[in-house]
$ cat target00.cif   # mmCIF, C-alpha atoms
data_input
#
loop_
_atom_site.label_atom_id
_atom_site.label_comp_id
_atom_site.auth_asym_id
_atom_site.auth_seq_id
_atom_site.Cartn_x
_atom_site.Cartn_y
_atom_site.Cartn_z
CA MET A 1 147.45 160.55 35.27
CA PRO A 2 149.54 157.92 33.43
CA ILE A 3 151.61 160.61 31.71
CA THR A 4 152.86 161.67 35.16
CA TRP A 5 154.09 158.17 35.94
CA VAL A 6 155.79 157.79 32.56
CA THR A 7 157.48 161.18 32.91
CA LEU A 8 158.63 160.35 36.46
CA PHE A 9 160.38 157.14 35.43
CA LEU A 10 161.97 158.79 32.40
CA LEU A 11 163.31 161.61 34.57
CA ILE A 12 164.76 159.07 37.00
CA ALA A 13 166.42 157.35 34.03
CA ILE A 14 168.00 160.65 32.99
CA PHE A 15 169.24 161.81 36.39
CA SER A 16 169.98 158.56 38.25
CA LYS A 17 172.91 156.42 37.16
CA LYS A 18 171.97 153.64 39.59
CA TRP A 19 168.37 153.29 38.40
CA CYS A 20 168.85 154.46 34.83
CA LEU A 21 168.24 151.23 32.91
CA LYS A 22 165.46 149.90 35.16
CA SER A 23 163.60 153.21 35.14
CA LEU A 24 163.94 153.50 31.40
CA LYS A 25 162.47 150.01 30.93
CA VAL A 26 159.56 150.74 33.28
CA GLY A 27 158.92 154.11 31.62
CA VAL A 28 158.83 152.59 28.14
CA LEU A 29 156.62 149.67 29.27
CA LEU A 30 154.17 152.05 30.93
CA PHE A 31 154.12 154.20 27.81
CA LEU A 32 153.30 151.18 25.62
CA LEU A 33 150.65 150.00 28.08
CA PHE A 34 148.84 153.30 28.52
CA THR A 35 148.91 154.30 24.85
CA ASN A 36 147.45 151.00 23.62
CA PRO A 37 143.86 151.60 22.42
CA PHE A 38 142.86 147.94 22.66
CA LEU A 39 143.90 147.57 26.31
CA ALA A 40 142.21 150.86 27.26
CA ASN A 41 139.02 149.68 25.58
CA GLU A 42 139.18 146.35 27.43
CA MET A 43 139.39 148.14 30.75
CA TYR A 44 136.26 150.15 29.94
CA LEU A 45 134.42 147.02 28.83
CA LEU A 46 135.15 145.54 32.26
CA TRP A 47 134.19 148.67 34.23
CA GLU A 48 131.30 150.26 32.36
CA ILE A 49 127.81 149.02 33.15
CA PRO A 50 126.35 147.75 29.83
CA PRO A 51 123.51 149.61 28.11
CA THR A 52 119.89 148.70 28.76
CA PRO A 53 117.75 148.33 25.62
CA ILE A 54 115.13 151.08 25.63
CA LYS A 55 112.30 148.57 25.24
CA GLU A 56 113.41 146.85 28.46
CA VAL A 57 113.39 150.04 30.55
CA LYS A 58 110.45 150.03 32.97
CA SER A 59 108.36 153.06 33.87
CA TYR A 60 109.73 155.42 36.55
CA GLU A 61 108.41 158.46 38.34
CA ILE A 62 111.71 160.38 38.20
CA GLY A 63 114.87 160.16 36.10
CA ILE A 64 117.79 161.62 38.08
CA VAL A 65 120.46 163.12 35.81
CA LEU A 66 123.88 163.90 37.31
CA THR A 67 125.66 167.04 36.09
CA GLY A 68 129.14 167.26 34.59
CA MET A 69 127.82 167.80 31.09
CA SER A 70 129.21 171.18 30.04
CA ASN A 71 132.18 173.54 29.86
CA ALA A 72 131.46 176.02 32.65
CA GLY A 73 134.40 178.30 31.81
CA LYS A 74 133.20 179.27 28.34
CA GLU A 75 131.53 182.62 27.66
CA PRO A 76 129.18 184.28 26.80
CA LYS A 77 126.80 182.65 29.28
CA ASP A 78 123.86 182.62 26.91
CA ARG A 79 123.94 178.88 26.17
CA ILE A 80 125.01 175.47 27.47
CA TYR A 81 128.45 174.54 26.10
CA ALA A 82 127.94 170.80 26.00
CA SER A 83 130.72 168.33 26.79
CA ALA A 84 130.81 164.56 26.22
CA GLY A 85 128.59 163.94 29.25
CA ILE A 86 125.61 165.70 27.61
CA ASP A 87 124.49 162.25 26.47
CA ARG A 88 123.12 161.89 30.02
CA LEU A 89 120.61 164.65 29.34
CA LEU A 90 119.82 163.57 25.79
CA GLN A 91 119.02 160.02 26.85
CA ALA A 92 116.89 161.32 29.73
CA VAL A 93 114.88 163.39 27.26
CA ARG A 94 114.32 160.34 25.07
CA LEU A 95 113.18 158.28 28.06
CA TYR A 96 110.79 161.09 28.97
CA LYS A 97 109.41 161.33 25.43
CA GLU A 98 108.82 157.57 25.35
CA GLY A 99 107.02 157.63 28.68
CA LYS A 100 109.71 155.74 30.57
CA ILE A 101 110.16 158.55 33.13
CA LYS A 102 107.57 161.14 34.18
CA LYS A 103 109.94 163.81 35.49
CA ILE A 104 113.58 164.79 34.93
CA MET A 105 115.64 165.83 37.96
CA ILE A 106 118.98 167.58 37.39
CA VAL A 107 121.32 167.01 40.34
CA GLY A 108 124.60 168.87 40.85
CA MET A 109 126.14 172.15 41.91
CA SER A 110 125.75 175.19 39.71
CA GLU A 111 128.79 175.51 37.47
CA GLU A 112 128.92 179.23 38.27
CA ILE A 113 129.93 178.36 41.86
CA ASP A 114 133.48 177.69 43.04
CA TRP A 115 133.58 174.05 44.19
CA VAL A 116 136.07 174.82 47.00
CA SER A 117 134.81 178.06 48.51
CA GLY A 118 131.14 177.68 47.58
CA GLU A 119 131.09 181.28 46.41
CA GLU A 120 130.05 182.63 43.03
CA LYS A 121 133.05 182.36 40.73
CA LEU A 122 131.86 182.92 37.18
CA PRO A 123 129.22 185.23 35.69
CA LYS A 124 125.82 183.62 36.09
CA ARG A 125 124.63 181.69 33.10
CA THR A 126 121.53 183.26 31.60
CA TYR A 127 120.61 180.04 29.81
CA LYS A 128 120.39 177.04 32.15
CA TYR A 129 119.62 173.32 31.99
CA LYS A 130 116.01 174.10 32.81
CA ASP A 131 115.80 176.39 29.78
CA MET A 132 117.43 173.72 27.63
CA LEU A 133 114.88 171.11 28.73
CA LYS A 134 111.99 173.50 28.13
CA ASP A 135 113.32 174.13 24.62
CA MET A 136 113.21 170.35 24.15
CA CYS A 137 109.49 170.50 24.95
CA ILE A 138 109.77 169.15 28.48
CA LYS A 139 106.96 170.52 30.64
CA GLU A 140 108.22 172.96 33.27
CA ASP A 141 106.31 171.10 35.99
CA ASP A 142 108.25 167.95 35.07
CA ILE A 143 111.67 169.58 35.59
CA LEU A 144 113.28 169.34 39.04
CA ILE A 145 116.56 171.04 39.97
CA GLU A 146 118.94 170.34 42.88
CA SER A 147 121.91 172.69 42.52
CA ASN A 148 123.88 172.46 45.78
CA SER A 149 125.70 169.11 45.67
CA LYS A 150 129.40 169.23 44.71
CA ASN A 151 130.31 165.56 44.16
CA THR A 152 128.75 162.14 43.61
CA TYR A 153 128.25 161.48 47.32
CA GLU A 154 126.50 164.82 47.82
CA ASN A 155 124.48 164.23 44.63
CA ALA A 156 122.89 161.24 46.36
CA GLN A 157 122.53 162.80 49.81
CA PHE A 158 121.04 166.07 48.58
CA ALA A 159 118.78 164.29 46.09
CA ALA A 160 117.42 162.15 48.95
CA GLN A 161 116.78 165.28 51.01
CA PHE A 162 115.05 166.96 48.06
CA LEU A 163 112.83 163.94 47.48
CA GLU A 164 111.91 163.68 51.15
CA LYS A 165 111.05 167.39 51.34
CA ASN A 166 108.91 167.26 48.21
CA GLU A 167 107.55 163.74 48.62
CA SER A 168 103.87 164.66 48.48
CA LYS A 169 104.31 166.81 45.38
CA LEU A 170 106.25 164.15 43.46
CA ASN A 171 103.59 161.45 43.69
CA LEU A 172 105.94 158.85 45.19
CA LYS A 173 103.94 155.83 46.30
CA SER A 174 105.63 155.59 49.68
CA SER A 175 108.35 157.18 51.80
CA PHE A 176 111.46 157.81 49.71
CA GLN A 177 113.46 155.54 52.05
CA THR A 178 111.16 152.57 51.41
CA ALA A 179 110.05 153.53 47.92
CA ASN A 180 109.00 150.70 45.65
CA LYS A 181 111.24 149.73 42.79
CA ASN A 182 110.73 151.43 39.44
CA GLN A 183 110.20 154.90 40.89
CA LEU A 184 113.71 156.36 40.68
CA LEU A 185 116.20 155.95 37.82
CA VAL A 186 119.76 157.35 37.98
CA ILE A 187 121.02 158.43 34.56
CA THR A 188 124.75 159.04 34.21
CA SER A 189 127.85 158.00 32.25
CA ALA A 190 128.46 154.25 32.07
CA PHE A 191 131.90 154.49 33.70
CA HIS A 192 130.43 156.59 36.55
CA LEU A 193 127.22 154.64 37.17
CA ARG A 194 128.78 151.98 39.41
CA ARG A 195 129.88 154.55 42.02
CA SER A 196 126.69 156.57 41.62
CA LEU A 197 124.41 153.62 42.38
CA GLY A 198 126.43 152.81 45.49
CA CYS A 199 126.08 156.39 46.74
CA PHE A 200 122.34 156.56 46.12
CA GLU A 201 121.75 153.21 47.81
CA GLU A 202 123.83 154.38 50.79
CA ALA A 203 121.55 157.44 50.96
CA GLY A 204 118.60 155.09 51.44
CA LEU A 205 117.10 155.30 47.97
CA ASN A 206 115.70 152.22 46.24
CA ILE A 207 116.98 152.99 42.78
CA ASP A 208 117.86 151.61 39.34
CA GLY A 209 120.49 152.83 36.89
CA PHE A 210 120.67 153.71 33.20
CA SER A 211 124.07 153.90 31.47
CA THR A 212 124.89 156.63 28.94
CA ASP A 213 127.92 158.31 27.40
CA PHE A 214 129.78 155.09 26.60
CA ILE A 215 133.51 155.16 26.01
CA ALA A 216 134.05 151.46 25.26
CA THR A 217 133.60 150.05 21.78
CA GLU A 218 132.39 146.50 21.21
CA ARG A 219 135.39 144.17 21.09
CA LYS A 220 134.49 142.82 17.64
CA ASN A 221 134.63 146.36 16.25
CA MET A 222 137.84 147.23 18.07
CA LEU A 223 140.12 144.33 17.19
CA THR A 224 141.94 145.74 14.14
CA ILE A 225 145.55 146.59 13.33
CA LEU A 226 144.80 150.22 14.28
CA SER A 227 143.99 149.14 17.84
CA LEU A 228 147.65 148.19 18.32
CA ILE A 229 149.06 151.59 17.31
CA PRO A 230 149.83 153.89 20.30
CA THR A 231 147.53 156.93 20.62
CA GLU A 232 147.30 159.86 23.01
CA ASP A 233 143.55 159.21 23.27
CA ALA A 234 144.21 155.84 24.93
CA MET A 235 146.34 157.51 27.61
CA ALA A 236 143.58 160.03 28.31
CA LYS A 237 141.07 157.21 28.66
CA TRP A 238 143.33 155.40 31.12
CA GLY A 239 143.59 158.56 33.21
CA LYS A 240 139.81 158.89 33.34
CA ILE A 241 139.12 155.28 34.32
CA ILE A 242 141.90 155.20 36.94
CA HIS A 243 140.44 158.35 38.50
CA GLU A 244 136.98 156.76 38.63
CA MET A 245 138.25 153.47 40.06
CA MET A 246 140.25 155.25 42.74
CA GLY A 247 137.18 157.31 43.55
CA TYR A 248 135.17 154.12 43.99
CA ILE A 249 137.81 152.61 46.29
CA VAL A 250 138.08 155.76 48.41
CA TYR A 251 134.29 156.06 48.69
CA ASP A 252 134.08 152.42 49.73
CA MET A 253 136.82 152.80 52.36
CA THR A 254 135.19 155.94 53.81
CA GLY A 255 131.69 154.43 54.02
CA ARG A 256 130.14 156.42 51.20
CA LEU A 257 129.00 153.33 49.28
#
$ encode --input "target00.cif" --output "structure tokens"
Amino acid sequence: MPITWVTLFLLIAIFSKKWCLKSLKVGVLLFLLFTNPFLANEMYLLWEIPPTPIKEVKSYEIGIVLTGMSNAGKEPKDRIYASAGIDRLLQAVRLYKEGKIKKIMIVGMSEEIDWVSGEEKLPKRTYKYKDMLKDMCIKEDDILIESNSKNTYENAQFAAQFLEKNESKLNLKSSFQTANKNQLLVITSAFHLRRSLGCFEEAGLNIDGFSTDFIATERKNMLTILSLIPTEDAMAKWGKIIHEMMGYIVYDMTGRL
């Protein structure tokens, strides 16, 4: 997180006579960099995969939606407490309604499970994503759930296993490992899609991507005097994109892409 780096250099400036001035300069420069809305937006424009016009989306058998769309710690458990990532699900529903995808597959570990121990951590949610999709008039037979994967890499691996196990039921035209194009569509946040596609391709799936949940604003709409005023929102955005970029690098170095 950028705030950690800024705080570190400012603390060095306070407690170190030798490095006081240099640390203060670096701390201030980092603060100005990471709180600049325009620069944060530029970074997202470079990293996010641009949106695909709906009319240009081909027809797919399955739209694979990655989780990370709700606040799991909120109670009572009688609803989905949507977070910013819920756009993944909303766009999947629209694609389904317009006949662009025939089934919606939710991939990701149940948010009632502790990610470290794998044991039940929170009271079970009585209203789940499947219920939410049914309330949106999605046919129950067109809803697929994979609830064991804990991260992006496992999302891809477990989804591949699920598809292989249920290949005959899902009407895939060939083996999932040699499936023709336009059968599988990964739907996730634009800043996360780059790493997701790499993971699914590494899992042997022939897949396309659909960006949602955009953080970047078009440059022409961003370049105003307000974009030069420091904001805490810009620092939060930097933290998110740095985390994603580091995740991509680590996945690449460890052979997960």
$ closest_residue --input "target00.cif" --among "A:Met43, A:Ala234, A:Val93, A:Ile49" --to "A:Leu197" --atoms "all atoms listed in the file"
A:Ile49
$ closest_residue --input "target00.cif" --among "A:Ile106, A:Thr188, A:Leu95, A:Thr152" --to "A:Glu56" --atoms "all atoms listed in the file"
A:Leu95
$ residues_around --input "target00.cif" --residues "stretch 249-257 of chain A" --least-positions-apart "5" --cutoff "9 Å" --atoms "only C-alpha atoms" --output "PDB file with C-alpha atoms, in the frame of the given file"
ATOM      1  CA  TYR A 153     128.250 161.480  47.320  1.00  0.00           C
ATOM      2  CA  ARG A 195     129.880 154.550  42.020  1.00  0.00           C
ATOM      3  CA  SER A 196     126.690 156.570  41.620  1.00  0.00           C
ATOM      4  CA  LEU A 197     124.410 153.620  42.380  1.00  0.00           C
ATOM      5  CA  GLY A 198     126.430 152.810  45.490  1.00  0.00           C
ATOM      6  CA  CYS A 199     126.080 156.390  46.740  1.00  0.00           C
ATOM      7  CA  PHE A 200     122.340 156.560  46.120  1.00  0.00           C
ATOM      8  CA  GLU A 201     121.750 153.210  47.810  1.00  0.00           C
ATOM      9  CA  GLU A 202     123.830 154.380  50.790  1.00  0.00           C
ATOM     10  CA  ALA A 203     121.550 157.440  50.960  1.00  0.00           C
ATOM     11  CA  GLU A 244     136.980 156.760  38.630  1.00  0.00           C
TER      12      GLU A 244
END
$ resolve_selection --input "target00.cif" --expression "the PyMOL selection byres ((chain A and resi 205-211) around 6)" --output "PyMOL selection string"
chain A and resi 51+177+184-190+200-201+203-204+212
$ closest_residue --input "target00.cif" --among "A:Val28, A:Arg125, A:Leu226, A:Leu144" --to "A:Lys77" --atoms "only C-alpha atoms"
A:Arg125
$ atom_distance --input "target00.cif" --atom1 "atom CA of A:Ser227" --atom2 "atom CA of A:Tyr44"
14.4 Å
$ residues_around --input "target00.cif" --residues "A:Met69" --least-positions-apart "5" --cutoff "9 Å" --atoms "all atoms listed in the file" --output "JSON, numbers by chain"
{"A": [80, 81, 82, 83, 84, 85, 86, 87, 88, 89]}
$ write_last_selection --input "target00.cif" --atoms "C-alpha atoms" --output "mmCIF file, keeping the file's coordinate frame"
data_model
loop_
_atom_site.group_PDB
_atom_site.id
_atom_site.type_symbol
_atom_site.label_atom_id
_atom_site.label_comp_id
_atom_site.auth_asym_id
_atom_site.auth_seq_id
_atom_site.Cartn_x
_atom_site.Cartn_y
_atom_site.Cartn_z
ATOM 1 C CA ILE A 80 125.010 175.470 27.470
ATOM 2 C CA TYR A 81 128.450 174.540 26.100
ATOM 3 C CA ALA A 82 127.940 170.800 26.000
ATOM 4 C CA SER A 83 130.720 168.330 26.790
ATOM 5 C CA ALA A 84 130.810 164.560 26.220
ATOM 6 C CA GLY A 85 128.590 163.940 29.250
ATOM 7 C CA ILE A 86 125.610 165.700 27.610
ATOM 8 C CA ASP A 87 124.490 162.250 26.470
ATOM 9 C CA ARG A 88 123.120 161.890 30.020
ATOM 10 C CA LEU A 89 120.610 164.650 29.340
#
$ closest_residue --input "target00.cif" --among "A:Val6, A:Pro37, A:Lys103, A:Leu24" --to "A:Thr231" --atoms "only C-alpha atoms"
A:Pro37
$ atom_distance --input "target00.cif" --atom1 "atom CA of A:Cys20" --atom2 "atom CA of A:Asn36"
24.4 Å
$ residues_near_point --input "target00.cif" --point "(110.6, 158.5, 28.8)" --cutoff "10 Å" --atoms "only C-alpha atoms" --output "ChimeraX atom specification"
/A:54,57-63,91-104
$ residues_around --input "target00.cif" --residues "A:Trp47" --least-positions-apart "5" --cutoff "12 Å" --atoms "all atoms listed in the file" --output "PyMOL selection string"
chain A and resi 40-42+189-195+211+214-216+238+240-242+244-245+248
$ write_last_selection --input "target00.cif" --atoms "C-alpha atoms" --output "PDB file, in the coordinates of the input"
ATOM      1  CA  ALA A  40     142.210 150.860  27.260  1.00  0.00           C
ATOM      2  CA  ASN A  41     139.020 149.680  25.580  1.00  0.00           C
ATOM      3  CA  GLU A  42     139.180 146.350  27.430  1.00  0.00           C
ATOM      4  CA  SER A 189     127.850 158.000  32.250  1.00  0.00           C
ATOM      5  CA  ALA A 190     128.460 154.250  32.070  1.00  0.00           C
ATOM      6  CA  PHE A 191     131.900 154.490  33.700  1.00  0.00           C
ATOM      7  CA  HIS A 192     130.430 156.590  36.550  1.00  0.00           C
ATOM      8  CA  LEU A 193     127.220 154.640  37.170  1.00  0.00           C
ATOM      9  CA  ARG A 194     128.780 151.980  39.410  1.00  0.00           C
ATOM     10  CA  ARG A 195     129.880 154.550  42.020  1.00  0.00           C
ATOM     11  CA  SER A 211     124.070 153.900  31.470  1.00  0.00           C
ATOM     12  CA  PHE A 214     129.780 155.090  26.600  1.00  0.00           C
ATOM     13  CA  ILE A 215     133.510 155.160  26.010  1.00  0.00           C
ATOM     14  CA  ALA A 216     134.050 151.460  25.260  1.00  0.00           C
ATOM     15  CA  TRP A 238     143.330 155.400  31.120  1.00  0.00           C
ATOM     16  CA  LYS A 240     139.810 158.890  33.340  1.00  0.00           C
ATOM     17  CA  ILE A 241     139.120 155.280  34.320  1.00  0.00           C
ATOM     18  CA  ILE A 242     141.900 155.200  36.940  1.00  0.00           C
ATOM     19  CA  GLU A 244     136.980 156.760  38.630  1.00  0.00           C
ATOM     20  CA  MET A 245     138.250 153.470  40.060  1.00  0.00           C
ATOM     21  CA  TYR A 248     135.170 154.120  43.990  1.00  0.00           C
TER      22      TYR A 248
END
$ closest_residue --input "target00.cif" --among "A:Phe158, A:Phe38, A:Trp19, A:Phe31" --to "A:Arg219" --atoms "only C-alpha atoms"
A:Phe38
$ atom_distance --input "target00.cif" --atom1 "atom CA of A:Ile145" --atom2 "atom CA of A:Val65"
9.8 Å
$ resolve_selection --input "target00.cif" --expression "the PyMOL selection byres ((chain A and resi 107) around 10)" --output "list in words"
Ile64, Val65, Leu66, Thr67, Gly68, Ile104, Met105, Ile106, Gly108, Met109, Ser110, Leu144, Ile145, Glu146, Ser147, Asn148, Ser149, Lys150, Asn151, Thr152, Glu154, Asn155, Ala156, Phe158, Ala159 and Phe162 of chain A
$ residues_around --input "target00.cif" --residues "A:Ala13" --least-positions-apart "2" --cutoff "12 Å" --atoms "only C-alpha atoms" --output "list in words"
Val6, Thr7, Leu8, Phe9, Leu10, Leu11, Phe15, Ser16, Lys17, Lys18, Trp19, Cys20, Leu21, Lys22, Ser23, Leu24, Lys25, Val26, Gly27 and Val28 of chain A
$ residues_around --input "target00.cif" --residues "stretch 126-139 of chain A" --least-positions-apart "3" --cutoff "6 Å" --atoms "all atoms listed in the file" --output "list of chain:residue names"
A:Lys77, A:Asp78, A:Arg79, A:Asp142
